[in-house]
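Student: See run_19.cif below, with mmCIF, C-alpha atoms and all ligand atoms.
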data_final
loop_
_atom_site.label_atom_id
_atom_site.label_comp_id
_atom_site.auth_asym_id
_atom_site.auth_seq_id
_atom_site.Cartn_x
_atom_site.Cartn_y
_atom_site.Cartn_z
CA MET Z 1 10.98 -21.07 24.36
CA GLU Z 2 9.55 -18.59 21.95
CA LYS Z 3 12.87 -16.72 21.69
CA ASN Z 4 14.24 -19.76 19.91
CA LEU Z 5 11.35 -20.08 17.50
CA ARG Z 6 12.39 -19.45 13.91
CA VAL Z 7 10.57 -19.63 10.63
CA ASP Z 8 11.65 -21.87 7.75
CA GLY Z 9 13.11 -19.46 5.18
CA LYS Z 10 13.34 -22.06 2.45
CA ARG Z 11 9.70 -23.06 2.80
CA LEU Z 12 8.71 -19.37 2.67
CA TRP Z 13 10.79 -18.87 -0.49
CA ASP Z 14 9.40 -21.99 -2.14
CA SER Z 15 5.85 -20.88 -1.42
CA LEU Z 16 6.58 -17.44 -2.87
CA MET Z 17 7.97 -19.03 -6.02
CA GLU Z 18 5.02 -21.40 -6.35
CA MET Z 19 2.55 -18.54 -5.95
CA ALA Z 20 4.53 -16.52 -8.53
CA ARG Z 21 3.70 -19.13 -11.17
CA ILE Z 22 0.10 -17.93 -11.12
CA GLY Z 23 0.04 -15.10 -13.65
CA ALA Z 24 3.78 -15.34 -14.32
CA THR Z 25 5.06 -12.95 -17.01
CA GLU Z 26 7.92 -13.46 -19.43
CA LYS Z 27 10.13 -10.91 -17.68
CA GLY Z 28 9.87 -12.77 -14.36
CA GLY Z 29 7.05 -10.78 -12.78
CA VAL Z 30 3.36 -11.46 -12.33
CA CYS Z 31 0.14 -10.05 -13.72
CA ARG Z 32 -2.64 -10.97 -11.33
CA LEU Z 33 -5.27 -8.27 -11.44
CA ALA Z 34 -7.91 -8.19 -8.69
CA LEU Z 35 -10.88 -10.58 -9.07
CA THR Z 36 -9.68 -12.20 -12.30
CA ASP Z 37 -9.40 -15.97 -12.78
CA LEU Z 38 -5.74 -15.66 -11.80
CA ASP Z 39 -6.67 -13.87 -8.58
CA ARG Z 40 -9.07 -16.73 -7.88
CA GLU Z 41 -6.31 -19.26 -8.48
CA SER Z 42 -3.96 -17.51 -6.06
CA ARG Z 43 -6.73 -17.24 -3.46
CA ASP Z 44 -7.61 -20.91 -3.87
CA LEU Z 45 -3.98 -21.93 -3.42
CA PHE Z 46 -3.66 -19.76 -0.29
CA VAL Z 47 -6.88 -21.18 1.17
CA ARG Z 48 -5.75 -24.74 0.44
CA TRP Z 49 -2.38 -24.13 2.14
CA CYS Z 50 -4.12 -22.59 5.16
CA GLU Z 51 -6.55 -25.48 5.49
CA GLU Z 52 -3.67 -27.93 5.21
CA ALA Z 53 -2.06 -25.98 8.08
CA GLY Z 54 -5.20 -26.54 10.17
CA CYS Z 55 -6.72 -23.07 9.80
CA SER Z 56 -10.40 -22.32 9.42
CA VAL Z 57 -11.14 -19.84 6.65
CA THR Z 58 -13.83 -17.15 6.46
CA VAL Z 59 -14.54 -14.66 3.68
CA ASP Z 60 -16.39 -11.36 4.03
CA GLY Z 61 -18.72 -9.49 1.70
CA ILE Z 62 -15.92 -7.76 -0.19
CA GLY Z 63 -13.78 -10.87 -0.56
CA ASN Z 64 -11.35 -10.28 2.32
CA ILE Z 65 -10.11 -13.68 3.53
CA PHE Z 66 -9.26 -14.54 7.15
CA ALA Z 67 -7.47 -17.82 7.97
CA ARG Z 68 -7.52 -18.56 11.69
CA ARG Z 69 -5.19 -20.68 13.79
CA PRO Z 70 -6.99 -21.11 17.11
CA GLY Z 71 -5.44 -19.90 20.36
CA ARG Z 72 -5.75 -21.24 23.86
CA ASN Z 73 -8.26 -18.52 24.70
CA GLY Z 74 -10.89 -18.26 21.97
CA ALA Z 75 -12.45 -15.25 23.69
CA LEU Z 76 -9.42 -13.10 22.84
CA LYS Z 77 -9.36 -11.10 19.64
CA PRO Z 78 -6.92 -12.58 17.13
CA VAL Z 79 -3.51 -11.15 16.34
CA VAL Z 80 -3.77 -10.70 12.58
CA THR Z 81 -1.22 -10.34 9.81
CA GLY Z 82 -1.59 -10.25 6.04
CA SER Z 83 -1.45 -8.19 2.88
CA HIS Z 84 -2.68 -8.72 -0.69
CA LEU Z 85 -2.40 -11.24 -3.53
CA ASP Z 86 -3.42 -8.98 -6.43
CA SER Z 87 -0.73 -7.25 -8.49
CA GLN Z 88 -0.17 -4.46 -10.96
CA PRO Z 89 -0.36 -5.48 -14.67
CA THR Z 90 3.45 -5.57 -14.72
CA GLY Z 91 3.92 -6.39 -11.06
CA GLY Z 92 6.53 -8.31 -9.12
CA LYS Z 93 6.62 -11.57 -7.17
CA PHE Z 94 6.86 -10.02 -3.69
CA ASP Z 95 4.66 -6.93 -3.38
CA GLY Z 96 1.80 -8.00 -1.13
CA VAL Z 97 2.30 -11.73 -1.59
CA TYR Z 98 5.25 -11.61 0.78
CA GLY Z 99 3.08 -10.32 3.62
CA VAL Z 100 0.45 -13.00 3.02
CA LEU Z 101 2.87 -15.91 2.77
CA ALA Z 102 5.01 -14.64 5.66
CA GLY Z 103 1.81 -14.91 7.72
CA LEU Z 104 1.27 -18.45 6.49
CA GLU Z 105 4.88 -19.28 7.34
CA VAL Z 106 4.31 -17.99 10.89
CA VAL Z 107 1.37 -20.39 11.19
CA ARG Z 108 3.36 -23.29 9.76
CA SER Z 109 6.29 -22.58 12.10
CA LEU Z 110 4.02 -22.49 15.14
CA ASN Z 111 2.56 -25.80 14.00
CA ASP Z 112 6.05 -27.32 13.64
CA ALA Z 113 6.93 -26.23 17.17
CA GLY Z 114 3.58 -27.38 18.56
CA TYR Z 115 3.29 -23.90 20.02
CA GLU Z 116 -0.07 -22.77 21.28
CA THR Z 117 -0.63 -19.02 21.47
CA GLU Z 118 -3.04 -17.41 23.91
CA ALA Z 119 -4.89 -15.33 21.34
CA PRO Z 120 -5.70 -16.85 17.95
CA ILE Z 121 -3.37 -16.02 15.05
CA GLU Z 122 -4.89 -15.04 11.72
CA VAL Z 123 -3.66 -14.40 8.19
CA ALA Z 124 -5.69 -11.94 6.11
CA VAL Z 125 -5.84 -11.37 2.36
CA TRP Z 126 -7.25 -7.92 1.55
CA THR Z 127 -9.13 -7.51 -1.71
CA ASN Z 128 -7.91 -5.20 -4.49
CA GLU Z 129 -5.01 -3.49 -2.80
CA GLU Z 130 -3.49 -2.32 -6.08
CA GLY Z 131 -6.49 -0.50 -7.52
CA SER Z 132 -5.30 -1.22 -11.02
CA ARG Z 133 -8.47 -2.91 -12.27
CA PHE Z 134 -10.92 -1.37 -9.79
CA ALA Z 135 -10.47 2.09 -8.21
CA PRO Z 136 -9.90 3.08 -5.48
CA ALA Z 137 -6.87 1.12 -4.35
CA THR Z 138 -6.99 -0.75 -1.01
CA PHE Z 139 -10.76 -0.99 -1.18
CA GLY Z 140 -10.88 -4.30 0.73
CA SER Z 141 -9.24 -2.87 3.84
CA GLY Z 142 -10.73 0.60 3.22
CA ALA Z 143 -14.30 -0.75 3.19
CA PHE Z 144 -13.45 -2.98 6.16
CA VAL Z 145 -12.69 0.03 8.36
CA GLY Z 146 -15.48 2.17 6.92
CA ALA Z 147 -13.20 4.59 5.07
CA PHE Z 148 -14.98 3.68 1.81
CA ASP Z 149 -18.65 3.03 1.23
CA LEU Z 150 -19.06 -0.73 0.77
CA GLU Z 151 -21.86 -0.48 -1.81
CA LYS Z 152 -19.87 1.98 -3.90
CA CYS Z 153 -16.86 -0.33 -3.86
CA LEU Z 154 -19.00 -3.28 -4.96
CA GLU Z 155 -20.57 -1.21 -7.74
CA THR Z 156 -17.17 -0.12 -9.08
CA LYS Z 157 -16.74 -1.26 -12.66
CA ASP Z 158 -13.62 -2.25 -14.53
CA ILE Z 159 -12.84 -0.99 -18.03
CA ASP Z 160 -15.10 -3.69 -19.56
CA GLY Z 161 -18.05 -2.66 -17.40
CA LYS Z 162 -17.88 -5.64 -15.03
CA SER Z 163 -18.63 -4.72 -11.42
CA ALA Z 164 -16.54 -5.80 -8.45
CA ARG Z 165 -19.62 -7.52 -7.03
CA GLU Z 166 -20.23 -9.60 -10.19
CA GLU Z 167 -16.58 -10.56 -10.35
CA LEU Z 168 -16.40 -11.49 -6.65
CA GLU Z 169 -19.46 -13.68 -7.14
CA ARG Z 170 -18.06 -15.23 -10.30
CA ILE Z 171 -14.77 -16.24 -8.68
CA GLY Z 172 -16.55 -17.49 -5.54
CA TYR Z 173 -15.26 -14.91 -3.06
CA LEU Z 174 -18.36 -12.85 -2.28
CA GLY Z 175 -18.36 -14.19 1.26
CA PRO Z 176 -21.13 -14.24 3.90
CA GLU Z 177 -19.27 -12.52 6.75
CA PRO Z 178 -20.39 -8.87 7.23
CA VAL Z 179 -17.63 -6.47 6.16
CA GLY Z 180 -15.85 -4.85 9.09
CA ARG Z 181 -17.25 -7.12 11.78
CA HIS Z 182 -14.23 -9.36 11.94
CA PRO Z 183 -12.46 -8.66 15.25
CA ILE Z 184 -8.76 -7.71 15.17
CA GLY Z 185 -6.78 -7.49 18.42
CA ALA Z 186 -3.61 -6.24 16.72
CA TYR Z 187 -2.37 -6.15 13.14
CA PHE Z 188 1.10 -6.56 11.64
CA GLU Z 189 2.01 -6.43 7.96
CA ALA Z 190 5.32 -7.48 6.44
CA HIS Z 191 6.11 -5.91 3.07
CA ILE Z 192 9.03 -5.18 0.80
CA GLU Z 193 10.13 -1.59 1.26
CA GLN Z 194 9.45 -0.54 -2.37
CA GLY Z 195 12.11 2.14 -1.87
CA PRO Z 196 15.92 2.32 -1.73
CA ILE Z 197 16.65 3.30 1.89
CA LEU Z 198 17.26 -0.07 3.60
CA GLU Z 199 19.48 -1.31 0.80
CA ALA Z 200 21.46 1.94 0.68
CA GLU Z 201 22.04 1.87 4.43
CA ASP Z 202 22.66 -1.86 4.51
CA LYS Z 203 19.87 -2.50 7.02
CA THR Z 204 17.81 -5.69 7.06
CA ILE Z 205 14.63 -4.54 8.80
CA GLY Z 206 12.59 -1.39 8.48
CA VAL Z 207 10.60 -0.74 11.67
CA VAL Z 208 7.72 1.25 10.20
CA THR Z 209 6.43 4.00 12.48
CA GLY Z 210 3.51 5.00 10.28
CA GLY Z 211 2.41 6.27 6.91
CA GLN Z 212 2.90 9.62 5.26
CA GLY Z 213 0.04 12.04 4.95
CA GLN Z 214 -0.99 12.71 1.36
CA ARG Z 215 -2.81 15.55 -0.35
CA TRP Z 216 -3.83 15.28 -4.00
CA TYR Z 217 -4.74 18.26 -6.16
CA GLU Z 218 -5.79 19.06 -9.69
CA ILE Z 219 -4.75 22.44 -11.05
CA THR Z 220 -6.12 24.10 -14.18
CA VAL Z 221 -4.23 27.05 -15.67
CA THR Z 222 -6.08 29.12 -18.25
CA GLY Z 223 -4.55 31.63 -20.66
CA GLN Z 224 -5.49 32.35 -24.22
CA GLU Z 225 -5.00 30.29 -27.36
CA ALA Z 226 -3.37 32.29 -30.13
CA HIS Z 227 -1.36 31.84 -33.31
CA ALA Z 228 2.28 30.99 -32.65
CA GLY Z 229 3.49 33.33 -35.42
CA PRO Z 230 1.69 36.68 -35.36
CA THR Z 231 1.32 36.97 -31.54
CA PRO Z 232 4.19 39.03 -30.02
CA MET Z 233 5.87 37.49 -26.97
CA ALA Z 234 4.84 40.32 -24.66
CA ARG Z 235 1.14 39.86 -25.44
CA ARG Z 236 0.95 36.14 -24.81
CA ARG Z 237 -1.00 34.43 -22.04
CA ASN Z 238 0.70 31.07 -22.36
CA ALA Z 239 -0.92 28.56 -20.00
CA LEU Z 240 1.84 25.99 -20.51
CA VAL Z 241 4.57 28.42 -19.48
CA GLY Z 242 2.61 29.16 -16.30
CA ALA Z 243 2.12 25.43 -15.66
CA ALA Z 244 5.83 24.79 -16.23
CA ARG Z 245 6.71 27.35 -13.54
CA MET Z 246 4.19 25.74 -11.19
CA ILE Z 247 5.65 22.29 -11.82
CA GLU Z 248 9.08 23.66 -10.99
CA LEU Z 249 7.57 25.16 -7.83
CA VAL Z 250 6.11 21.78 -6.79
CA ASN Z 251 9.51 20.18 -7.15
CA ARG Z 252 11.13 22.96 -5.09
CA ILE Z 253 8.55 22.49 -2.32
CA GLY Z 254 9.62 18.83 -2.15
CA PHE Z 255 13.20 19.94 -1.47
CA ASP Z 256 12.25 22.82 0.84
CA PHE Z 257 10.36 20.56 3.26
CA GLN Z 258 13.02 17.92 3.78
CA PRO Z 259 13.46 15.55 5.45
CA ASP Z 260 10.69 13.16 4.40
CA ALA Z 261 8.76 15.44 2.01
CA CYS Z 262 7.71 14.25 -1.46
CA ALA Z 263 6.11 16.47 -4.11
CA THR Z 264 5.20 15.24 -7.58
CA VAL Z 265 3.45 16.33 -10.74
CA GLY Z 266 2.69 13.07 -12.55
CA MET Z 267 0.03 13.88 -15.10
CA ILE Z 268 -0.46 16.80 -17.47
CA LEU Z 269 -2.89 17.72 -20.26
CA ASN Z 270 -2.06 20.58 -22.57
CA ARG Z 271 -4.74 22.14 -24.78
CA PRO Z 272 -4.98 22.30 -27.69
CA ASN Z 273 -1.57 20.59 -27.83
CA SER Z 274 -0.82 21.80 -31.32
CA ARG Z 275 2.64 22.85 -32.43
CA ASN Z 276 1.72 26.27 -33.79
CA VAL Z 277 -0.84 27.30 -31.19
CA ILE Z 278 0.02 29.05 -27.92
CA PRO Z 279 -1.45 26.75 -25.23
CA GLY Z 280 -4.72 28.09 -23.85
CA GLN Z 281 -5.31 25.68 -20.99
CA VAL Z 282 -3.25 23.19 -19.00
CA TRP Z 283 -4.47 20.70 -16.41
CA PHE Z 284 -2.09 18.82 -14.15
CA THR Z 285 -2.03 16.79 -10.94
CA VAL Z 286 -0.06 17.43 -7.74
CA ASP Z 287 0.76 14.81 -5.10
CA LEU Z 288 2.20 16.15 -1.81
CA ARG Z 289 3.34 13.82 1.00
CA HIS Z 290 4.78 14.31 4.46
CA PRO Z 291 4.59 12.25 7.68
CA ASP Z 292 4.03 15.40 9.77
CA GLU Z 293 0.62 17.09 9.59
CA ALA Z 294 1.93 20.63 10.20
CA ARG Z 295 4.69 20.30 7.61
CA LEU Z 296 2.19 18.92 5.10
CA ALA Z 297 -0.04 21.93 5.76
CA GLY Z 298 3.01 24.12 5.15
CA MET Z 299 3.55 22.45 1.79
CA ASN Z 300 -0.10 23.10 0.94
CA ASP Z 301 0.30 26.79 1.78
CA ALA Z 302 3.50 27.07 -0.23
CA LEU Z 303 1.78 25.46 -3.23
CA ARG Z 304 -1.23 27.78 -3.17
CA GLU Z 305 0.77 30.94 -2.48
CA GLY Z 306 3.41 30.13 -5.11
CA CYS Z 307 0.87 29.30 -7.82
CA ARG Z 308 -1.03 32.50 -7.09
CA GLU Z 309 2.14 34.57 -7.64
CA ILE Z 310 3.10 32.69 -10.79
CA ALA Z 311 -0.38 33.11 -12.31
CA ALA Z 312 -0.54 36.81 -11.44
CA ALA Z 313 2.86 37.51 -12.96
CA ALA Z 314 1.91 35.79 -16.23
CA ALA Z 315 -1.65 37.18 -16.46
CA LEU Z 316 -3.13 33.70 -16.19
CA ASP Z 317 -6.23 32.42 -14.46
CA TRP Z 318 -5.90 29.33 -12.33
CA GLU Z 319 -7.98 27.00 -10.22
CA ILE Z 320 -6.94 24.45 -7.68
CA GLU Z 321 -9.06 21.57 -6.41
CA GLU Z 322 -8.01 19.31 -3.58
CA ILE Z 323 -9.46 15.97 -4.62
CA TRP Z 324 -8.22 13.62 -1.89
CA THR Z 325 -6.46 13.75 1.41
CA LEU Z 326 -5.08 11.14 3.75
CA PRO Z 327 -3.83 12.36 7.13
CA PRO Z 328 -0.47 11.08 8.40
CA THR Z 329 -0.99 7.69 10.07
CA PRO Z 330 1.20 7.03 13.10
CA PHE Z 331 1.20 3.37 14.09
CA ASP Z 332 0.58 2.09 17.60
CA SER Z 333 3.72 2.61 19.67
CA ALA Z 334 3.44 -0.77 21.43
CA CYS Z 335 3.23 -2.55 18.04
CA VAL Z 336 6.13 -0.51 16.65
CA ASP Z 337 8.17 -1.39 19.75
CA ALA Z 338 7.27 -5.07 19.36
CA VAL Z 339 8.65 -5.02 15.81
CA GLU Z 340 11.80 -3.23 16.95
CA ARG Z 341 12.36 -5.70 19.80
CA GLY Z 342 11.84 -8.57 17.37
CA ALA Z 343 14.61 -7.20 15.13
CA GLN Z 344 16.89 -6.40 18.07
CA GLU Z 345 16.56 -9.78 19.76
CA ALA Z 346 17.20 -11.67 16.54
CA GLY Z 347 20.30 -9.54 15.95
CA TYR Z 348 19.18 -7.98 12.69
CA SER Z 349 20.27 -4.48 11.70
CA TYR Z 350 17.29 -2.16 11.53
CA ARG Z 351 16.13 1.43 11.35
CA ARG Z 352 12.85 3.17 12.04
CA MET Z 353 11.19 4.60 8.96
CA VAL Z 354 7.98 6.00 7.52
CA SER Z 355 6.09 4.21 4.77
CA GLY Z 356 6.15 6.15 1.52
CA ALA Z 357 3.55 3.97 -0.18
CA GLY Z 358 -0.04 3.19 0.75
CA HIS Z 359 -0.71 -0.17 2.43
CA ASP Z 360 -3.68 -2.05 3.83
CA ALA Z 361 -2.08 -1.58 7.26
CA LEU Z 362 -2.68 2.17 7.06
CA TYR Z 363 -6.43 1.55 6.95
CA VAL Z 364 -6.41 -1.33 9.44
CA SER Z 365 -4.63 0.97 11.90
CA ARG Z 366 -7.89 2.91 12.22
CA VAL Z 367 -9.56 -0.03 13.99
CA ALA Z 368 -6.70 -1.95 15.63
CA PRO Z 369 -3.20 -1.34 17.02
CA THR Z 370 -0.93 -1.81 14.01
CA GLY Z 371 2.72 -2.18 13.06
CA MET Z 372 4.61 -2.91 9.84
CA ILE Z 373 7.87 -4.59 8.93
CA PHE Z 374 9.82 -3.63 5.81
CA VAL Z 375 12.54 -5.69 4.17
CA PRO Z 376 14.88 -4.42 1.44
CA CYS Z 377 14.13 -4.93 -2.25
CA GLU Z 378 16.75 -4.81 -4.97
CA ASP Z 379 17.52 -1.24 -6.10
CA GLY Z 380 14.34 -0.17 -4.32
CA ILE Z 381 12.33 -1.19 -7.38
CA SER Z 382 8.71 -2.33 -7.12
CA HIS Z 383 5.57 -2.25 -9.28
CA ASN Z 384 7.88 -3.73 -11.89
CA GLU Z 385 8.40 -7.25 -13.21
CA ILE Z 386 12.07 -7.17 -12.18
CA GLU Z 387 11.16 -6.56 -8.51
CA ASN Z 388 13.46 -8.73 -6.42
CA ALA Z 389 14.29 -9.50 -2.79
CA ALA Z 390 16.90 -11.67 -1.07
CA PRO Z 391 15.71 -14.93 0.54
CA ASP Z 392 17.68 -14.11 3.72
CA ASP Z 393 16.00 -10.73 4.09
CA LEU Z 394 12.56 -12.23 3.52
CA GLU Z 395 13.31 -14.85 6.17
CA ALA Z 396 14.53 -12.15 8.58
CA GLY Z 397 11.37 -10.10 8.12
CA CYS Z 398 9.28 -13.20 8.72
CA ASN Z 399 11.18 -13.98 11.93
CA VAL Z 400 10.50 -10.45 13.16
CA LEU Z 401 6.84 -10.88 12.25
CA LEU Z 402 6.71 -14.13 14.24
CA ALA Z 403 8.31 -12.49 17.28
CA ALA Z 404 6.06 -9.42 17.16
CA MET Z 405 2.91 -11.52 16.77
CA LEU Z 406 3.87 -13.80 19.65
CA GLU Z 407 4.65 -10.86 21.91
CA ARG Z 408 1.35 -9.26 21.04
CA ALA Z 409 -0.64 -12.45 21.58
CA ASN Z 410 0.76 -12.54 25.12
CA VAL Z 411 0.15 -8.82 25.71
CA THR Z 412 -3.45 -9.40 24.69
CA ALA Z 413 -3.69 -12.26 27.14
CA ASP Z 414 -2.21 -10.16 29.97
CA GLU Z 415 -4.53 -7.28 29.29
CA ALA Z 416 -7.49 -9.60 29.31
CA GLY Z 417 -6.30 -10.82 32.73
ZN ZN L 1 1.67 -4.02 -1.73
#
The structure given in the file should be rewritten as structure tokens.
Ligand SMILES: [Zn+2]
Tutor:
Amino acid sequence: MEKNLRVDGKRLWDSLMEMARIGATEKGGVCRLALTDLDRESRDLFVRWCEEAGCSVTVDGIGNIFARRPGRNGALKPVVTGSHLDSQPTGGKFDGVYGVLAGLEVVRSLNDAGYETEAPIEVAVWTNEEGSRFAPATFGSGAFVGAFDLEKCLETKDIDGKSAREELERIGYLGPEPVGRHPIGAYFEAHIEQGPILEAEDKTIGVVTGGQGQRWYEITVTGQEAHAGPTPMARRRNALVGAARMIELVNRIGFDFQPDACATVGMILNRPNSRNVIPGQVWFTVDLRHPDEARLAGMNDALREGCREIAAAAALDWEIEEIWTLPPTPFDSACVDAVERGAQEAGYSYRRMVSGAGHDALYVSRVAPTGMIFVPCEDGISHNEIENAAPDDLEAGCNVLLAAMLERANVTADEAG
């Protein structure tokens, strides 16, 4: 019976469009920063829809929401799906919201079919995935799994000095459930790809095998400020020239460690940044990513070794600080297989892939078997008001989510005997 179960793609699309009205921008995107009045409105609408679908709703102490559709066996841990409702200031209609409303559509479809699962089914909304108003990003799921200190997250202040705790309280989502205690038997997250691969290869479903490892650095190059006129070229210690060579090196490392490597310098400060002064100090950031731990370590070595040579050759001092690291996150093979089978059995084209972006699922995978489903987005563009996705693809991803969740609910039941 469950092989014939299908979600209602039009209802999913209509819900997405209705949600997109909250914080709608002129260019067709949304601005719904975490814990603002608009975030409250979107949460309220989600909760209302879930209650109308017969779910019971709980909220934890960092505002994560769990909407539960009971299963036949209440002793089993729920099979959970979800994502986030907050957006970037110039965000799109699908990033995050798709995963939340795809979960709701799974619940609604099960209701339509009168289908009772063994394990309960739940839809989660994770607080502040984007990290635009409050840093760090993904602090709802991060605090949930203990990767971030809960108190620190709650004390985080926005640019106006308002703390996350105050704002959660103000919008009515500082819930009573202890953070991290909510049981999760398995977790699936549907999301737009936010990259160009599926579209370019004309594939409908991305079967996500895990997340890339990331290492973030800050590098300071120090030379000597001097007058741009009287200082002969041979005597200069130009920090910006050294930094330029290092930036070129970072880019080369990205190419040298293909496939799947990414290497980026995104931020740079040049001092004193004056047109007739030889730069004395430059600070810049480096972001290295690779799904394989050993290859990522190789990129780290190449960065440090290369910068050392560049600095020595230009008589510059340099310092490197590794400020953050996230190890590669392989997902649970049974969950990945469940997603793949879901795509296969529905006859959708698919490919396995690694997630380039951070997602709540990467944190949830630390406490529960996890899988993710990607669907294409137009031109691979996201974090942009013009972000777009095709209704058919969104429906396909939701059907795969339904199949994977059903399979997992039964696996859970079997395992529990
Ligand atoms: Zn997202």
Student: Which residues are near segment 71-82 of chain Z? Cut-off 9 Å, only C-alpha atoms, ignore same chain within fewer than 3 positions. Put them as a PyMOL selection string.
Tutor: chain Z and resi 66+68+96-104+116-126+183-190+360-361+401+405-406+408-409+412-413+416
Student: Check which residues fall inside 7 Å of ligand ZN 1 (chain L) when counting all atoms listed in the file, and print them as a list in words.
Tutor: Ser83, His84, Asp95, Gly96, Glu129, Glu130, His191 and His359 of chain Z
Student: May I ask for the distance between atom CA of Arg21 of chain Z and atom CA of Arg133 of chain Z, given in Å to one decimal place?
Tutor: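 Taking atom CA of Arg21 of chain Z and atom CA of Arg133 of chain Z, their separation equals 20.3 Å.
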Student: Using atom CA of Pro369 of chain Z and atom CA of Ala403 of chain Z as the two end points, give the distance in Å to one decimal.
Tutor: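 Computing it gives 16.0 Å between the two atoms.
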Student: Give me the residues near segment 52-62 of chain Z as a PyMOL selection string, where near means some atom within 7 Å (using all atoms listed in the file) and where sequence neighbours in that chain fewer than 2 positions away do not count.
Tutor: chain Z and resi 48-50+64-69+108+127+140+173-179
Student: Please determine, counting all atoms listed in the file, which residue among Z:Arg165, Z:Lys203, Z:Asn276, Z:Ile386 has the shortest atom-to-atom distance to Gly229 of chain Z.
Tutor: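 Looking only at the distances to Gly229 of chain Z, the closest residue turns out to be Z:Asn276.
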Student: Can I get the residues of segment 257-357 of chain Z within 12 Å of segment 388-395 of chain Z, each with the closest pair of atoms and their distance in Å to one decimal, using only C-alpha atoms, sorted chain first then ascending number, as JSON lines?
Tutor:
{"residue": "Z:Ala343", "atom": "CA", "partner": "Z:Asp393", "partner_atom": "CA", "distance": 11.7}
{"residue": "Z:Ala346", "atom": "CA", "partner": "Z:Glu395", "partner_atom": "CA", "distance": 11.5}
{"residue": "Z:Tyr348", "atom": "CA", "partner": "Z:Asp393", "partner_atom": "CA", "distance": 9.6}
{"residue": "Z:Ser349", "atom": "CA", "partner": "Z:Asp393", "partner_atom": "CA", "distance": 10.7}
{"residue": "Z:Tyr350", "atom": "CA", "partner": "Z:Asp393", "partner_atom": "CA", "distance": 11.4}
Student: Give me, as a ChimeraX atom specification, all polymer residues having an atom no more than 10 Å from Gly210 of chain Z, counting all atoms listed in the file and skipping those fewer than 6 positions away in the same chain.
Tutor: /Z:291,328-333,336,352-356,361-362,365,370-372
Student: Near Arg32 of chain Z, within 9 Å and counting only C-alpha atoms, which residues show up once chain neighbours fewer than 4 positions away are dropped, as a VMD selection string?
Tutor: chain Z and resid 22 to 24 36 to 39 42 85 to 91
Student: Nearest to Ala228 of chain Z: which of Z:Pro279, Z:Pro272, Z:Gly195, Z:Pro136 is it, counting only C-alpha atoms?
Tutor: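 Going through Z:Pro279, Z:Pro272, Z:Gly195, Z:Pro136 one by one, the smallest distance to Ala228 of chain Z is for Z:Pro279.
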Student: Can you tell me, as a PDB file with C-alpha atoms, in the coordinates of the input, what residues are no more than 7 Å from Phe148 of chain Z when counting all atoms listed in the file, ignoring any on the same chain fewer than 3 positions away?
Tutor:
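The result, stored in around.pdb:
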ATOM      1  CA  PHE Z 139     -10.760  -0.990  -1.180  1.00  0.00           C
ATOM      2  CA  GLY Z 142     -10.730   0.600   3.220  1.00  0.00           C
ATOM      3  CA  ALA Z 143     -14.300  -0.750   3.190  1.00  0.00           C
TER       4      ALA Z 143
END
Student: Select, from Z:Ile323, Z:His290, Z:Ile247, Z:Phe284, the residue with the minimum atom-to-atom distance to Gly306 of chain Z, counting only C-alpha atoms.
Tutor: Z:Ile247
Student: Interatomic distance between atom CA of Thr222 of chain Z and atom CA of Leu296 of chain Z?
Tutor: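 It comes out at 26.8 Å.
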Student: I need the residue nearest Thr220 of chain Z from this list: Z:Leu198, Z:Ala147, Z:Ala137, Z:Leu269. Use all atoms listed in the file for the distance.
Tutor: Z:Leu269
